[in-house]
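The structure file input.cif is reproduced below (mmCIF, C-alpha atoms and all ligand atoms).
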```
data_final
#
loop_
_atom_site.label_atom_id
_atom_site.label_comp_id
_atom_site.auth_asym_id
_atom_site.auth_seq_id
_atom_site.Cartn_x
_atom_site.Cartn_y
_atom_site.Cartn_z
CA MET A 1 37.93 -47.00 66.93
CA ASP A 2 34.76 -46.57 69.10
CA ILE A 3 31.59 -44.87 67.87
CA SER A 4 32.36 -41.47 69.47
CA SER A 5 35.79 -41.42 67.80
CA LEU A 6 34.15 -42.32 64.51
CA LEU A 7 31.67 -39.47 64.92
CA THR A 8 34.50 -37.03 65.72
CA PHE A 9 36.48 -38.32 62.75
CA GLY A 10 33.37 -37.89 60.57
CA SER A 11 32.85 -34.33 61.84
CA ILE A 12 36.46 -33.42 61.04
CA LEU A 13 36.04 -34.89 57.55
CA SER A 14 32.82 -33.03 56.83
CA PHE A 15 34.25 -29.81 58.32
CA SER A 16 37.35 -30.07 56.13
CA SER A 17 35.27 -30.84 53.03
CA LEU A 18 33.15 -27.79 53.89
CA LEU A 19 36.34 -25.71 54.05
CA ILE A 20 37.50 -27.09 50.69
CA HIS A 21 34.08 -26.38 49.21
CA ARG A 22 34.11 -22.83 50.57
CA GLN A 23 37.50 -22.22 49.07
CA ARG A 24 36.13 -22.84 45.60
CA ASP A 25 35.38 -19.73 43.62
CA PRO A 26 31.60 -19.60 43.04
CA GLN A 27 32.16 -17.82 39.72
CA LYS A 28 34.54 -20.45 38.44
CA PHE A 29 33.74 -23.25 36.00
CA TYR A 30 35.56 -26.51 36.64
CA CYS A 31 34.38 -28.47 33.62
CA ILE A 32 33.04 -27.90 30.11
CA THR A 33 30.90 -30.68 28.67
CA PHE A 34 30.19 -31.08 24.97
CA ASP A 35 27.51 -32.91 23.08
CA LEU A 36 29.21 -34.70 20.15
CA ASP A 37 26.92 -35.40 17.16
CA ASP A 38 26.21 -32.16 15.31
CA THR A 39 28.14 -30.18 17.92
CA ILE A 40 31.73 -31.35 17.34
CA TRP A 41 31.16 -33.13 14.02
CA ARG A 42 28.49 -33.38 11.30
CA CYS A 43 26.43 -36.42 12.23
CA ARG A 44 24.54 -37.31 9.06
CA PRO A 45 27.49 -38.21 6.79
CA VAL A 46 29.11 -40.19 9.62
CA ILE A 47 25.97 -42.26 10.28
CA GLU A 48 25.25 -42.87 6.60
CA ARG A 49 28.80 -44.01 5.95
CA ALA A 50 28.68 -46.33 8.98
CA ALA A 51 25.33 -47.77 7.81
CA ASP A 52 26.77 -48.40 4.31
CA THR A 53 29.86 -50.10 5.74
CA PHE A 54 27.65 -52.21 7.99
CA MET A 55 25.51 -53.39 5.05
CA GLN A 56 28.62 -54.18 3.00
CA TYR A 57 29.96 -56.18 5.94
CA LEU A 58 26.74 -58.22 6.15
CA HIS A 59 26.84 -58.89 2.40
CA SER A 60 30.49 -59.97 2.49
CA ASN A 61 30.36 -62.07 5.63
CA TYR A 62 26.77 -63.25 6.08
CA PRO A 63 25.08 -63.64 2.66
CA GLU A 64 22.27 -65.59 4.40
CA ILE A 65 21.39 -62.44 6.37
CA ALA A 66 21.91 -60.12 3.40
CA LYS A 67 19.39 -62.20 1.45
CA LEU A 68 16.75 -61.51 4.13
CA TYR A 69 17.73 -57.84 4.68
CA PRO A 70 19.38 -56.70 1.45
CA THR A 71 19.37 -52.90 1.92
CA LYS A 72 19.29 -50.17 4.58
CA THR A 73 15.54 -49.84 4.05
CA GLU A 74 14.80 -53.38 5.29
CA TRP A 75 17.28 -52.91 8.12
CA ARG A 76 15.61 -49.66 9.24
CA THR A 77 12.21 -51.36 9.29
CA LEU A 78 13.67 -54.15 11.42
CA SER A 79 15.32 -51.64 13.79
CA ALA A 80 12.04 -49.79 14.28
CA GLN A 81 10.27 -53.08 14.98
CA VAL A 82 12.88 -54.21 17.53
CA ALA A 83 12.80 -50.77 19.20
CA LYS A 84 9.03 -51.26 19.64
CA GLU A 85 9.61 -54.70 21.17
CA TYR A 86 12.07 -53.24 23.71
CA PRO A 87 10.66 -49.79 24.59
CA ASP A 88 12.73 -49.64 27.79
CA LYS A 89 15.96 -50.20 25.82
CA LYS A 90 15.43 -47.85 22.88
CA TYR A 91 17.75 -45.21 24.38
CA ASP A 92 20.71 -47.56 23.79
CA LEU A 93 21.41 -47.69 20.05
CA SER A 94 24.27 -50.19 20.37
CA LEU A 95 22.11 -52.61 22.34
CA LEU A 96 19.29 -52.27 19.80
CA ARG A 97 21.67 -53.05 16.93
CA LYS A 98 22.91 -56.12 18.81
CA LEU A 99 19.32 -57.27 19.45
CA CYS A 100 18.59 -56.87 15.72
CA LEU A 101 21.70 -58.86 14.82
CA GLU A 102 20.77 -61.61 17.23
CA LYS A 103 17.31 -61.84 15.69
CA VAL A 104 18.53 -61.91 12.07
CA ALA A 105 21.27 -64.43 12.84
CA LYS A 106 18.64 -66.80 14.23
CA GLU A 107 16.34 -66.18 11.23
CA ALA A 108 19.22 -66.97 8.88
CA GLY A 109 20.10 -70.13 10.77
CA LEU A 110 23.42 -68.78 12.09
CA ASN A 111 24.84 -68.79 15.59
CA PRO A 112 24.33 -65.27 17.05
CA ILE A 113 27.70 -65.55 18.82
CA ASP A 114 29.41 -65.60 15.41
CA VAL A 115 27.48 -62.58 14.16
CA VAL A 116 26.52 -60.05 16.83
CA GLU A 117 29.84 -58.68 18.10
CA PRO A 118 31.82 -58.74 14.80
CA ALA A 119 29.00 -57.09 12.81
CA HIS A 120 28.40 -54.49 15.52
CA LYS A 121 32.12 -53.73 15.57
CA ALA A 122 32.08 -53.18 11.80
CA PHE A 123 29.42 -50.50 12.30
CA LEU A 124 31.04 -48.92 15.33
CA ASP A 125 34.53 -48.72 13.80
CA GLU A 126 33.10 -46.68 10.94
CA ARG A 127 30.86 -44.67 13.32
CA ASN A 128 34.03 -43.53 15.08
CA GLN A 129 35.52 -42.17 11.83
CA VAL A 130 34.56 -38.57 12.47
CA MET A 131 37.77 -36.61 11.95
CA ASP A 132 36.96 -35.63 8.34
CA GLN A 133 33.55 -34.35 9.47
CA LEU A 134 34.64 -32.08 12.33
CA PHE A 135 33.10 -28.61 12.27
CA PRO A 136 35.54 -25.82 11.36
CA ASP A 137 37.63 -24.75 14.35
CA ALA A 138 36.54 -27.73 16.48
CA LEU A 139 40.13 -28.82 17.06
CA GLU A 140 41.32 -25.26 17.73
CA VAL A 141 38.54 -24.78 20.30
CA LEU A 142 39.36 -28.06 22.09
CA LYS A 143 43.12 -27.36 22.01
CA GLU A 144 42.72 -23.88 23.48
CA ILE A 145 40.45 -25.05 26.32
CA GLN A 146 42.83 -27.91 27.09
CA ALA A 147 45.88 -25.61 26.95
CA GLN A 148 44.29 -23.43 29.63
CA GLY A 149 43.78 -26.40 31.94
CA ILE A 150 39.98 -26.58 31.88
CA GLN A 151 38.61 -30.13 32.13
CA MET A 152 36.39 -31.29 29.26
CA GLY A 153 33.91 -34.14 29.07
CA ALA A 154 31.44 -35.49 26.50
CA ILE A 155 27.73 -36.08 27.06
CA SER A 156 26.29 -37.71 23.95
CA ASN A 157 23.05 -39.41 22.97
CA GLY A 158 24.86 -41.32 20.22
CA ASN A 159 27.04 -44.41 20.35
CA ALA A 160 30.36 -43.03 19.10
CA VAL A 161 33.15 -44.12 21.46
CA VAL A 162 35.40 -41.15 22.22
CA ALA A 163 38.11 -43.40 23.67
CA ASP A 164 38.41 -45.06 20.24
CA ILE A 165 38.75 -41.80 18.29
CA SER A 166 42.49 -41.20 18.32
CA GLY A 167 42.28 -37.54 17.22
CA LEU A 168 39.86 -36.60 20.00
CA ARG A 169 40.27 -38.91 22.99
CA ASP A 170 43.06 -36.89 24.63
CA PHE A 171 40.80 -33.85 24.97
CA PHE A 172 38.09 -35.54 27.00
CA ALA A 173 38.54 -36.60 30.62
CA PHE A 174 35.32 -38.63 30.46
CA ALA A 175 32.52 -39.54 28.06
CA VAL A 176 28.93 -40.17 29.07
CA ASN A 177 26.55 -41.87 26.64
CA PRO A 178 23.20 -43.68 26.94
CA GLU A 179 24.99 -46.97 27.53
CA THR A 180 26.96 -45.63 30.52
CA ALA A 181 24.16 -43.49 31.97
CA GLY A 182 21.22 -45.84 31.37
CA ALA A 183 19.27 -43.02 29.69
CA LYS A 184 19.44 -40.35 27.02
CA LYS A 185 19.35 -36.61 27.46
CA PRO A 186 17.04 -34.80 28.26
CA SER A 187 16.95 -37.21 31.22
CA MET A 188 18.98 -35.87 34.13
CA LEU A 189 20.87 -39.18 34.47
CA PRO A 190 23.59 -38.40 31.89
CA PHE A 191 24.20 -35.03 33.56
CA GLU A 192 24.34 -36.62 37.00
CA GLN A 193 26.94 -39.08 35.75
CA ALA A 194 28.97 -36.29 34.15
CA LEU A 195 28.92 -34.35 37.43
CA LYS A 196 30.19 -37.40 39.30
CA TRP A 197 33.02 -37.96 36.82
CA SER A 198 34.02 -34.31 36.53
CA ASN A 199 36.06 -31.93 38.67
CA ALA A 200 32.92 -29.94 39.40
CA ASN A 201 31.25 -30.10 42.80
CA ALA A 202 27.93 -28.77 41.60
CA PRO A 203 26.04 -28.36 38.29
CA CYS A 204 26.64 -24.59 38.41
CA GLU A 205 30.36 -25.30 37.96
CA ILE A 206 29.73 -26.93 34.54
CA ILE A 207 29.14 -25.30 31.15
CA HIS A 208 27.31 -27.60 28.72
CA ILE A 209 27.52 -26.98 24.99
CA GLY A 210 25.28 -28.64 22.41
CA ASP A 211 23.11 -28.34 19.32
CA SER A 212 19.77 -29.62 20.64
CA ILE A 213 17.66 -27.05 22.43
CA THR A 214 15.73 -29.74 24.30
CA SER A 215 18.36 -32.43 24.98
CA ASP A 216 21.30 -30.11 25.54
CA VAL A 217 20.21 -26.59 26.40
CA GLN A 218 16.99 -27.02 28.31
CA ALA A 219 18.03 -30.27 29.99
CA ALA A 220 21.38 -28.84 31.14
CA GLN A 221 19.65 -25.67 32.35
CA LYS A 222 17.20 -27.77 34.34
CA PHE A 223 20.15 -29.60 35.87
CA GLY A 224 21.68 -26.25 36.82
CA CYS A 225 24.50 -25.80 34.29
CA ARG A 226 25.36 -22.75 32.26
CA THR A 227 24.59 -23.51 28.60
CA VAL A 228 25.67 -22.66 25.09
CA TRP A 229 23.38 -23.47 22.16
CA ILE A 230 25.29 -24.14 18.94
CA LYS A 231 22.67 -23.81 16.23
CA SER A 232 24.66 -25.13 13.27
CA GLY A 233 23.88 -28.80 13.80
CA SER A 234 20.18 -28.34 14.50
CA ILE A 235 19.34 -28.11 10.80
CA TRP A 236 20.05 -31.79 10.24
CA SER A 237 18.49 -33.00 13.47
CA GLY A 238 15.37 -31.03 12.62
CA THR A 239 15.43 -29.52 16.09
CA ALA A 240 15.41 -25.87 15.06
CA ALA A 241 12.83 -26.40 12.34
CA SER A 242 10.42 -28.32 14.54
CA LEU A 243 10.57 -26.06 17.58
CA ALA A 244 7.28 -24.80 18.86
CA GLY A 245 7.32 -21.28 20.27
CA ASP A 246 6.88 -22.49 23.85
CA LYS A 247 9.86 -24.82 23.65
CA VAL A 248 12.09 -22.01 22.47
CA ASN A 249 10.83 -19.63 25.11
CA ASN A 250 11.40 -22.19 27.86
CA GLY A 251 15.12 -21.63 27.54
CA ARG A 252 17.38 -20.71 24.67
CA GLY A 253 20.73 -21.12 26.36
CA ASP A 254 22.79 -18.47 28.09
CA VAL A 255 24.22 -17.75 24.68
CA GLU A 256 23.30 -18.81 21.12
CA LEU A 257 26.02 -19.30 18.55
CA ASN A 258 25.79 -19.99 14.84
CA SER A 259 28.90 -22.17 14.95
CA LEU A 260 31.56 -23.61 17.23
CA SER A 261 33.98 -21.03 15.82
CA GLU A 262 32.26 -18.37 17.94
CA LEU A 263 32.79 -20.22 21.24
CA LEU A 264 36.25 -19.03 22.34
CA PRO A 265 35.36 -15.30 22.52
CA VAL A 266 32.32 -16.19 24.67
CA LEU A 267 34.47 -18.26 27.05
CA ARG A 268 36.90 -15.33 27.32
CA ARG A 269 34.05 -12.92 28.03
CA TRP A 270 32.86 -15.26 30.81
CA LYS A 271 36.44 -15.33 32.18
CA VAL A 272 36.56 -19.11 31.74
CA LEU A 273 39.56 -18.59 29.47
CA ARG A 274 42.23 -15.91 29.64
MG MG A 301 23.79 -33.34 19.04
#
```

Please re-express this file's structure in structure tokens.
Amino acid sequence: MDISSLLTFGSILSFSSLLIHRQRDPQKFYCITFDLDDTIWRCRPVIERAADTFMQYLHSNYPEIAKLYPTKTEWRTLSAQVAKEYPDKKYDLSLLRKLCLEKVAKEAGLNPIDVVEPAHKAFLDERNQVMDQLFPDALEVLKEIQAQGIQMGAISNGNAVVADISGLRDFFAFAVNPETAGAKKPSMLPFEQALKWSNANAPCEIIHIGDSITSDVQAAQKFGCRTVWIKSGSIWSGTAASLAGDKVNNGRGDVELNSLSELLPVLRRWKVLR
């Protein structure tokens, strides 16, 4: 194919993609993205249980490490110290835990290869046990959106792995987290990745739902999405309590809900659902 044919071929392609784009309804939403921690499930009990399981695992399998770091308090101090050592990596909680494990394995005279992955897995397996902490109506909300054929994705700042949560994975077409995006919300990177992985052609075709006014609502608004602020989870994260007036006034979401249970009527009002 010579260059002029290529150009013609390219013009046809871009013309046809323009036609496809024009056929899309500008009022339609092609994807709903959810934050996870404190939006779909209560985060605090999940994290505390995972941290307890992790400590028990260290005690049972690596007494040499447990002697140096006997409780969650010593482990938290170590985590904060390692996060300071790797400021450019602190968005990735899994990587930080692995760096901590590598360090303590060496201190205890163990081979990091024998420690890092198994101990991290012990934490993560428990971190993914979220089904008993789902907010009321979470499953009903996800089932109804799925039943009406709307794509859903997750955009989380945590390290839960949706693909490993058997009761939830079938609802989500994709899951963005700091590890996949290389940054945490409110950075635009997780939203850019979600847009790429979604059925949406533009941010205005996505509705993002989350509990953090800064990381979810204001960041998604900046990116160009419609937003829903679920206020129930913000009590634990401290977000609502610590908000300065300016932060609230910068953007409170297109709608504010006290709980996930109130979401379906809003989506019907917006004609996202029948
Ligand atoms: Mg959250």

Within 12 Å of ligand MG 301 (chain A), counting only C-alpha atoms and all ligand atoms, residues as number ranges by chain: A: 34-44, 154-160, 177, 184-186, 208-217, 229-240

Exercise: Met188 in chain A partners within 12 Å, all atoms listed in the file, chain neighbours under 3 positions left out, as a list of chain:residue names: A:Ile155, A:Val176, A:Pro178, A:Ala181, A:Gly182, A:Ala183, A:Lys184, A:Lys185, A:Phe191, A:Glu192, A:Gln193, A:Ala194, A:Leu195, A:Pro203, A:Ser215, A:Asp216, A:Gln218, A:Ala219, A:Ala220, A:Gln221, A:Lys222, A:Phe223, A:Gly224, A:Cys225

Å distance separating CA of Val228 in chain A from CA of Lys89 in chain A, one decimal place: 29.2 Å

Test item: which residues lie within 12 Å of (21.8, -59.3, 3.3) counting all atoms listed in the file, as a PyMOL selection string: chain A and resi 54-75+101+104-105+107-108

Atomic distance CA of Asp52 in chain A - CA of Tyr91 in chain A, expressed in Å with one decimal: 22.2 Å

d(CA of Glu117 in chain A, CA of Gly153 in chain A) in Å: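 About the pair CA of Glu117 in chain A and CA of Gly153 in chain A: they are 27.2 Å apart.
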
Among the residues A:Thr53, A:Ser79, A:Gln146, A:Asn128, the one that comes closest to Leu95 in chain A [using only C-alpha atoms]: A:Ser79

Nearest residue to Phe135 in chain A from the set A:Ala51, A:Trp197, A:Lys106, A:Leu260 (distances using all atoms listed in the file):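 Nearest to Phe135 in chain A: A:Leu260.
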
Using only C-alpha atoms: which of A:Leu273, A:Ala80, A:Leu134, A:Val46 has the shortest distance to Gln148 in chain A: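 Using only C-alpha atoms, the shortest distance to Gln148 in chain A belongs to A:Leu273.
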
Sphere at (30.3, -15.7, 31.1), radius 12 Å, counting all atoms listed in the file: residues as a VMD selection string: chain A and resid 27 to 29 205 to 207 226 to 228 253 to 255 263 to 273

Who sits within 12 Å of Ala83 in chain A, all atoms listed in the file, same chain under 5 positions skipped, as a list in words: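 What passes the distance filter is Arg76, Thr77, Leu78, Asp88, Lys89, Lys90, Tyr91, Asp92, Leu93, Ser94, Leu95, Leu96, Arg97, Lys98, Leu99 and Cys100 of chain A.
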
Which of A:Pro190, A:Arg252, A:Phe171, A:Lys103 sits closest to Ile145 in chain A [using all atoms listed in the file]: A:Phe171

For range 71-101 of chain A, supply N, CA and C atoms and report the output as a PDB file, in the coordinates of the input.
```pdb
ATOM      1  N   THR A  71      18.976 -54.321   1.964  1.00  0.00           N
ATOM      2  CA  THR A  71      19.370 -52.900   1.920  1.00  0.00           C
ATOM      3  C   THR A  71      19.102 -52.223   3.269  1.00  0.00           C
ATOM      4  N   LYS A  72      19.501 -50.953   3.351  1.00  0.00           N
ATOM      5  CA  LYS A  72      19.290 -50.170   4.580  1.00  0.00           C
ATOM      6  C   LYS A  72      17.803 -50.012   4.884  1.00  0.00           C
ATOM      7  N   THR A  73      16.990 -50.037   3.840  1.00  0.00           N
ATOM      8  CA  THR A  73      15.540 -49.840   4.050  1.00  0.00           C
ATOM      9  C   THR A  73      14.977 -50.988   4.898  1.00  0.00           C
ATOM     10  N   GLU A  74      15.300 -52.229   4.520  1.00  0.00           N
ATOM     11  CA  GLU A  74      14.800 -53.380   5.290  1.00  0.00           C
ATOM     12  C   GLU A  74      15.375 -53.358   6.707  1.00  0.00           C
ATOM     13  N   TRP A  75      16.648 -52.942   6.805  1.00  0.00           N
ATOM     14  CA  TRP A  75      17.280 -52.910   8.120  1.00  0.00           C
ATOM     15  C   TRP A  75      16.624 -51.864   9.034  1.00  0.00           C
ATOM     16  N   ARG A  76      16.275 -50.715   8.437  1.00  0.00           N
ATOM     17  CA  ARG A  76      15.610 -49.660   9.240  1.00  0.00           C
ATOM     18  C   ARG A  76      14.248 -50.125   9.732  1.00  0.00           C
ATOM     19  N   THR A  77      13.523 -50.836   8.881  1.00  0.00           N
ATOM     20  CA  THR A  77      12.210 -51.360   9.290  1.00  0.00           C
ATOM     21  C   THR A  77      12.384 -52.326  10.455  1.00  0.00           C
ATOM     22  N   LEU A  78      13.391 -53.190  10.344  1.00  0.00           N
ATOM     23  CA  LEU A  78      13.670 -54.150  11.420  1.00  0.00           C
ATOM     24  C   LEU A  78      14.039 -53.413  12.717  1.00  0.00           C
ATOM     25  N   SER A  79      14.887 -52.389  12.604  1.00  0.00           N
ATOM     26  CA  SER A  79      15.320 -51.640  13.790  1.00  0.00           C
ATOM     27  C   SER A  79      14.125 -51.005  14.498  1.00  0.00           C
ATOM     28  N   ALA A  80      13.225 -50.431  13.696  1.00  0.00           N
ATOM     29  CA  ALA A  80      12.040 -49.790  14.280  1.00  0.00           C
ATOM     30  C   ALA A  80      11.180 -50.824  15.001  1.00  0.00           C
ATOM     31  N   GLN A  81      11.075 -52.000  14.395  1.00  0.00           N
ATOM     32  CA  GLN A  81      10.270 -53.080  14.980  1.00  0.00           C
ATOM     33  C   GLN A  81      10.884 -53.567  16.298  1.00  0.00           C
ATOM     34  N   VAL A  82      12.205 -53.744  16.311  1.00  0.00           N
ATOM     35  CA  VAL A  82      12.880 -54.210  17.530  1.00  0.00           C
ATOM     36  C   VAL A  82      12.800 -53.129  18.624  1.00  0.00           C
ATOM     37  N   ALA A  83      12.911 -51.866  18.222  1.00  0.00           N
ATOM     38  CA  ALA A  83      12.800 -50.770  19.200  1.00  0.00           C
ATOM     39  C   ALA A  83      11.424 -50.797  19.871  1.00  0.00           C
ATOM     40  N   LYS A  84      10.396 -51.164  19.089  1.00  0.00           N
ATOM     41  CA  LYS A  84       9.030 -51.260  19.640  1.00  0.00           C
ATOM     42  C   LYS A  84       8.928 -52.421  20.624  1.00  0.00           C
ATOM     43  N   GLU A  85       9.643 -53.510  20.298  1.00  0.00           N
ATOM     44  CA  GLU A  85       9.610 -54.700  21.170  1.00  0.00           C
ATOM     45  C   GLU A  85      10.309 -54.448  22.502  1.00  0.00           C
ATOM     46  N   TYR A  86      11.301 -53.528  22.485  1.00  0.00           N
ATOM     47  CA  TYR A  86      12.070 -53.240  23.710  1.00  0.00           C
ATOM     48  C   TYR A  86      12.002 -51.744  24.027  1.00  0.00           C
ATOM     49  N   PRO A  87      10.801 -51.241  24.391  1.00  0.00           N
ATOM     50  CA  PRO A  87      10.660 -49.790  24.590  1.00  0.00           C
ATOM     51  C   PRO A  87      11.571 -49.253  25.690  1.00  0.00           C
ATOM     52  N   ASP A  88      11.886 -50.117  26.686  1.00  0.00           N
ATOM     53  CA  ASP A  88      12.730 -49.640  27.790  1.00  0.00           C
ATOM     54  C   ASP A  88      14.221 -49.641  27.423  1.00  0.00           C
ATOM     55  N   LYS A  89      14.543 -50.141  26.228  1.00  0.00           N
ATOM     56  CA  LYS A  89      15.960 -50.200  25.820  1.00  0.00           C
ATOM     57  C   LYS A  89      16.245 -49.264  24.636  1.00  0.00           C
ATOM     58  N   LYS A  90      15.236 -48.551  24.158  1.00  0.00           N
ATOM     59  CA  LYS A  90      15.430 -47.850  22.880  1.00  0.00           C
ATOM     60  C   LYS A  90      16.395 -46.672  22.996  1.00  0.00           C
ATOM     61  N   TYR A  91      16.762 -46.287  24.206  1.00  0.00           N
ATOM     62  CA  TYR A  91      17.750 -45.210  24.380  1.00  0.00           C
ATOM     63  C   TYR A  91      19.154 -45.688  23.990  1.00  0.00           C
ATOM     64  N   ASP A  92      19.362 -47.019  23.992  1.00  0.00           N
ATOM     65  CA  ASP A  92      20.710 -47.560  23.790  1.00  0.00           C
ATOM     66  C   ASP A  92      20.837 -48.119  22.374  1.00  0.00           C
ATOM     67  N   LEU A  93      21.372 -47.303  21.463  1.00  0.00           N
ATOM     68  CA  LEU A  93      21.410 -47.690  20.050  1.00  0.00           C
ATOM     69  C   LEU A  93      22.301 -48.905  19.800  1.00  0.00           C
ATOM     70  N   SER A  94      23.385 -49.032  20.556  1.00  0.00           N
ATOM     71  CA  SER A  94      24.270 -50.190  20.370  1.00  0.00           C
ATOM     72  C   SER A  94      23.544 -51.471  20.766  1.00  0.00           C
ATOM     73  N   LEU A  95      22.850 -51.428  21.887  1.00  0.00           N
ATOM     74  CA  LEU A  95      22.110 -52.610  22.340  1.00  0.00           C
ATOM     75  C   LEU A  95      21.031 -52.989  21.331  1.00  0.00           C
ATOM     76  N   LEU A  96      20.330 -51.987  20.791  1.00  0.00           N
ATOM     77  CA  LEU A  96      19.290 -52.270  19.800  1.00  0.00           C
ATOM     78  C   LEU A  96      19.875 -52.942  18.559  1.00  0.00           C
ATOM     79  N   ARG A  97      21.032 -52.433  18.096  1.00  0.00           N
ATOM     80  CA  ARG A  97      21.670 -53.050  16.930  1.00  0.00           C
ATOM     81  C   ARG A  97      22.029 -54.509  17.238  1.00  0.00           C
ATOM     82  N   LYS A  98      22.539 -54.746  18.438  1.00  0.00           N
ATOM     83  CA  LYS A  98      22.910 -56.120  18.810  1.00  0.00           C
ATOM     84  C   LYS A  98      21.677 -57.024  18.873  1.00  0.00           C
ATOM     85  N   LEU A  99      20.562 -56.472  19.394  1.00  0.00           N
ATOM     86  CA  LEU A  99      19.320 -57.270  19.450  1.00  0.00           C
ATOM     87  C   LEU A  99      18.833 -57.603  18.043  1.00  0.00           C
ATOM     88  N   CYS A 100      18.969 -56.626  17.124  1.00  0.00           N
ATOM     89  CA  CYS A 100      18.590 -56.870  15.720  1.00  0.00           C
ATOM     90  C   CYS A 100      19.475 -57.974  15.131  1.00  0.00           C
ATOM     91  N   LEU A 101      20.767 -57.884  15.386  1.00  0.00           N
ATOM     92  CA  LEU A 101      21.700 -58.860  14.820  1.00  0.00           C
ATOM     93  C   LEU A 101      21.426 -60.263  15.361  1.00  0.00           C
TER      94      LEU A 101
END
```
